Amino acid sequence: MKEKGRKNRHLANNLTAYGFMLPWFIGFICFTAFPVIFMFFVSLTNRRLNGISQFIGFTNYKNIFASSTFRNSFKVTIFFTIVMMIVTAVWALLMAFLLNYKQRLNGIFQFFYFIPSVIPSVALAYAFRTMFGKDAGLFNALLSSISGSNVRINWLYNERTVYPVIFFITLFTYNTGQMMLIFRSGLNDVPVDLYEAADIDGAGFWTKFGRITLPMISPVILFNTVTGSISALNGSFALLYPLTGDTGDPNKMTQVLSLLIYNEAFSNYKVGYGCALSVILFLLACVFGIALFGISKKYVYYEN
Amino acid sequence: MKTKKVLCGILLITLISGLIIGCGKKDGKQSSGDDLAGTEITLTVWNEPNKNDELNMYLQAEKATGIKVNVNVIPESEYSSKLNQMVATKDDSADILIVWENDIRNFAETKGIIALDKYLENSSINQDDFIDAVAALTEGLGATYGLPWCAATEILYYNQDMFDAAGIPYPDNNWSYSDFLAAAEKLTKYNDDGTTAVYGFDLPNTQTWWAGIGGYGDKIYDPSTGRMVIGDGAVSFIEDCAEMVKKGIMPEPSSDTSDKFAAGKAAMSWMGSWNIGAYGDKLDFNWDIATIPTNKIKYNTLHTGFYTINANSKKQDAAWKVIEWLMGEKGQEINSKSSGNPSALKTIADKGAWKVESATTIDNWDAITDSLAAGVFGYTCLPSGVTNNAISLFNTALTGQITAREAVDEAMQYAAETIGYSLK
Amino acid sequence: MNKKAGTAKYKVVIVTLIKIIVAVIMFSPIIWIISGGFKTLTEFTTSTDIIPKKPTLENYIYVFKYSNFFKYFRNTVLLMLGTGVGTLISSSLVAYPLARMDFPGKNMFFALIIATMMVPGIALIVPQYIMFGKFGWLDSLLPMIVPAFFAHPYNVFLFRQFFRSIPKELDEAAIMDGCSHMGVFFRVLAPLSKPTYATIAILSSVFWWNELTQPVFYINGDKWRTLTIALMTSFMYIKGNTFVINWPTIMAASTLMIIPPMLLYFFGSSYLVEGIKTSGLKG
């Protein structure tokens, strides 16, 4: 009798828990699991935007790997993701350092440093398209007044300057602001007495940075960089679509996979092909995700 | 007990979300019988309606028919894509779709738009009056699915003040290509350090690139196979442009694109005829138009759009009534007056309402009729992804990152991959 | 000693200088946007002065009078409200058992939630697009609002982290008093977590205010256009000419769009900053 009661209670308890989680079960099945499976099936068809489709096996994948547009886009995606991750992390760390340097006006500085991350990326993209414009761009005007000659660099159309400019612009994304805040709290957690001990030994800034700060915040750095890579995969569309268009100007140098998917599925109406590209992007994200999960298990304590 | 409560909570959430879903679409009010006044229809178009009420044809249509016309503006860059999506998903939010040349056949074949024959029988619209190119475009569909809302062309705009200052005679409609190149060079003004202050010729836009290429003799679009056909002509034209860019006669493509002609920073520009309406008397210099001077043959792309009725629309009769008014004399006249685009109906076009009144500095109105005569449906029949990609490659070639030949080959390759044919 | 004080002072000056330079860099696009909104198209495309020579209000007049600004604003607010309400209810419910209860499969489900956080939304958007098309939800806000009612993994994770920071004794006491789990959730945990709800509401609002990708895919026409899309469409072109980008109008509309996040920072910076910090320990 008693045994049965406990069992019942257990069962009731479990059912309650599952009841609470029901929205997620539904959401997971409808909006994640099903689309993943469905995506794979559609990738095996030549589905067009108007819904007409035919099973064509792995032809899409064969075409994808034969396509120079895809190979270029894949390379650009990996390059963009990794470099953006590094550049934004370094910049965020720099800003966090500056803000953690105790001064009175830090609140105001944080406002200036942080605000660009929470404004619409499309507004930023248009601002930068004109700031880096050729004829009436702010940067050319600045360079002109410094150098005294008429500088007319076509920043976003020149193969040599386009990447530096794009990565400069990624410093203004949500990701950077978020990293900065996390670095700030990471830096605050470094015990002060470690620095004091180093001071007594007469260590300089770089020694302290290399010997104390870096090792102490390395889990945060690792974590930030890998989360950054996911954000880069996901957020590149909202930044690059208004900035360089879905053709990824110039010469497809900025056509990341998300732009290519949009282009193929909605400009060329090749939805089946777009799905095959999505499968590849999904797998790519899985690789990054597994890396993150592995690392975070080691360094970040979900279970305490 | 607890479980029940939980289930209740879940039910509530599902209910709320269900309610929200249910609230999504509910404009399925069926119009009944003859009394169409007071119905509300939606029309999709890529241009903002004229801000002047007298020249806003949709507003005037509303006044004349008593049917409220909501205008749904989708910008040109994604117009074709969004319309395809709407048709594919049987969207009923728009009743009248103005459909582009490259889409009408596909929409008709997939039954996204309805045949208008039953309406046309009892209407005063004379289909024999349409310019010939339009009829050819929809040949073989077995019925009439759309009515052309205008016939726009591409023309050369030039700044007369700059021509005067440089002592160059104004261009006429038979201006030669070499004269044009020479004039562009002569009209360019440089700063002391060698950078350009005023360009002789503005960068062709996504439309007029094709005029230059077609003018060199390339076919561009082959209606019998649906392929993109460019080659030596495209290479030559890109090379001409690259040469001009190198000399500073033409601006490079850049992220902060702007209308250099309107800003007085370029002496000549190739653009659509509808800019006449947009410029009107707003430019602070004298300007005129001429036929685009091309190298081998006179070439420019005809532009139109077809008034069609969404097959999923629940207000087809009201939609037709509005279309009928827009295709009628008054509707066509207002369209011409506000845009500068002639009507596709020959008898109406002959009346010349497209000679935009506010564009007082234009003398050479013949440029429009001359261009119309040479106009063909070209690149507009190709999928927009293919042409956008080609333009992106041409622009890349201008900055010297790839050669003109590479750009053309790659554009052809991409077109083959996308449309689905082999180049061999 | 004296020398050390000297270097310290020197250091302060250097650091302050760097700080100011970084601040100028970070704020330059915002200044550029605000200044551009008051220029005419001709001035914008010919001059780089920060203070316009002939300041004009024509761009704002255009935005307010000739575009459907208020409609886009309404749509954006509806989107924020719908997704906000949805995710607050559903995500906190889902987070409760993960933070407070023991049941079979808990760790697996949690791992799955973390795993789905790693999947970039853009990878699934095409199949979702087809699916929502079948439901007839395209060209409306539903593809974005409805999923919010079924728990965003991201927010579930946040709620769980916050719930765990609340002393467990409180709800254990409530259970002792005969409270059900539903009761614990609504009477104990939820009221104690008001700041958490505020934080997630703010984070979610910021996200949807800025979101471009999903509206680009799901919204076709003018009816449900959000402000971010309008920036790429309605505010972009001047009348009749779709090849001339109307930069100053974009800047004017952008100015209006960056005001709310700024105000949010002024008035809710603690929620915003704390929330983002915590959410950083996710994906």
# chains A, B, ... in the order shown; residues from 1 in each chain; ligands from 1
>>> residues_around(residues="range 103-119 of chain B", least_positions_apart="2", cutoff="10 Å", atoms="only C-alpha atoms", output="ChimeraX atom specification")
/A:50,52 /B:80-81,83-84,86-91,95-101,121-123,137-147,305-313,316-317,320-321,324,380-384
>>> interface_residues(of="chain A", to="chain C", cutoff="6 Å", atoms="only C-alpha atoms", output="MDAnalysis selection string")
chainID A and resid 14 17 20:21 23:24 27 35 39 112:113 119:120 123 127 136 138 181:182 227 234 238 278 281:282 289
>>> residues_around(residues="Thr130 in chain A", least_positions_apart="6", cutoff="7 Å", atoms="only C-alpha atoms", output="PyMOL selection string")
(chain A and resi 137) or (chain B and resi 255-256)
>>> write_last_selection(atoms="N, CA and C atoms", output="mmCIF file, in the first residue's frame")
data_model
loop_
_atom_site.group_PDB
_atom_site.id
_atom_site.type_symbol
_atom_site.label_atom_id
_atom_site.label_comp_id
_atom_site.auth_asym_id
_atom_site.auth_seq_id
_atom_site.Cartn_x
_atom_site.Cartn_y
_atom_site.Cartn_z
ATOM 1 N N GLY A 137 32.531 59.735 -48.317
ATOM 2 C CA GLY A 137 32.607 58.919 -47.117
ATOM 3 C C GLY A 137 33.438 59.592 -46.042
ATOM 4 N N SER B 255 29.734 51.444 -52.418
ATOM 5 C CA SER B 255 28.682 51.092 -51.461
ATOM 6 C C SER B 255 27.715 52.245 -51.223
ATOM 7 N N ASP B 256 28.169 53.464 -51.419
ATOM 8 C CA ASP B 256 27.289 54.600 -51.156
ATOM 9 C C ASP B 256 26.721 55.152 -52.468
#
>>> closest_atom_pairs(of="chain B", to="chain C", cutoff="6 Å", atoms="only C-alpha atoms", output="Markdown table")
| residue | atom | partner | partner_atom | distance |
| --- | --- | --- | --- | --- |
| B:Asn47 | CA | C:Gly240 | CA | 5.6 |
| B:Glu48 | CA | C:Lys239 | CA | 5.6 |
| B:Asn72 | CA | C:Asp222 | CA | 5.3 |
| B:Ile74 | CA | C:Gly221 | CA | 6.0 |
| B:Pro75 | CA | C:Thr233 | CA | 5.7 |
| B:Lys82 | CA | C:Asn220 | CA | 5.5 |
| B:Thr89 | CA | C:Gly133 | CA | 5.6 |
| B:Ser258 | CA | C:Val244 | CA | 5.7 |
| B:Asp259 | CA | C:Val244 | CA | 5.7 |
| B:Ala263 | CA | C:Thr42 | CA | 5.8 |
| B:Ala278 | CA | C:Gly240 | CA | 5.6 |
>>> write_last_selection(atoms="C-alpha atoms", output="tab-separated table (two decimals), in the first residue's frame")
chain	number	residue	atom	x	y	z
B	47	ASN	CA	7.17	52.10	-56.96
B	48	GLU	CA	5.81	54.39	-54.31
B	72	ASN	CA	1.36	47.42	-51.24
B	74	ILE	CA	7.56	45.93	-52.48
B	75	PRO	CA	10.88	47.36	-53.63
B	82	LYS	CA	8.35	38.21	-53.04
B	89	THR	CA	1.95	30.05	-50.99
B	258	SER	CA	24.00	57.91	-55.44
B	259	ASP	CA	22.49	59.60	-58.44
B	263	ALA	CA	23.58	65.88	-58.04
B	278	ALA	CA	10.89	61.86	-60.83
>>> select_by_dssp(residues="range 145-203 of chain C", states="alpha helix (DSSP H)", output="PyMOL selection string")
chain C and resi 145-148+153-164+168-176+181-183+190-192+194-203
>>> select_by_dssp(residues="range 297-341 of chain B", states="strand (DSSP E or B)", output="VMD selection string")
chain B and resid 300 to 301 303 306 to 310
>>> write_last_selection(atoms="N, CA and C atoms", output="PDB file, in the first residue's frame")
ATOM      1  N   ASN B 300      17.546  49.061 -76.547  1.00  0.00           N
ATOM      2  CA  ASN B 300      17.266  49.327 -75.142  1.00  0.00           C
ATOM      3  C   ASN B 300      16.166  48.378 -74.710  1.00  0.00           C
ATOM      4  N   THR B 301      16.079  48.167 -73.424  1.00  0.00           N
ATOM      5  CA  THR B 301      15.138  47.185 -72.913  1.00  0.00           C
ATOM      6  C   THR B 301      13.791  47.842 -72.644  1.00  0.00           C
ATOM      7  N   HIS B 303      10.354  48.061 -70.742  1.00  0.00           N
ATOM      8  CA  HIS B 303       9.924  47.683 -69.406  1.00  0.00           C
ATOM      9  C   HIS B 303       8.421  47.807 -69.313  1.00  0.00           C
ATOM     10  N   PHE B 306       2.503  43.726 -65.852  1.00  0.00           N
ATOM     11  CA  PHE B 306       1.159  43.363 -66.288  1.00  0.00           C
ATOM     12  C   PHE B 306       0.194  43.411 -65.116  1.00  0.00           C
ATOM     13  N   TYR B 307      -0.899  44.114 -65.323  1.00  0.00           N
ATOM     14  CA  TYR B 307      -1.955  44.050 -64.324  1.00  0.00           C
ATOM     15  C   TYR B 307      -2.550  42.651 -64.395  1.00  0.00           C
ATOM     16  N   THR B 308      -2.459  41.917 -63.308  1.00  0.00           N
ATOM     17  CA  THR B 308      -3.053  40.583 -63.288  1.00  0.00           C
ATOM     18  C   THR B 308      -3.911  40.453 -62.036  1.00  0.00           C
ATOM     19  N   ILE B 309      -4.764  39.452 -62.044  1.00  0.00           N
ATOM     20  CA  ILE B 309      -5.609  39.222 -60.869  1.00  0.00           C
ATOM     21  C   ILE B 309      -5.189  37.930 -60.197  1.00  0.00           C
ATOM     22  N   ASN B 310      -4.906  38.028 -58.923  1.00  0.00           N
ATOM     23  CA  ASN B 310      -4.497  36.898 -58.112  1.00  0.00           C
ATOM     24  C   ASN B 310      -5.590  35.836 -58.117  1.00  0.00           C
TER      25      ASN B 310
END
>>> closest_residue(among="A:Ile64, A:Leu44, A:Leu124, A:Ala285", to="chain B", atoms="only C-alpha atoms")
A:Ile64
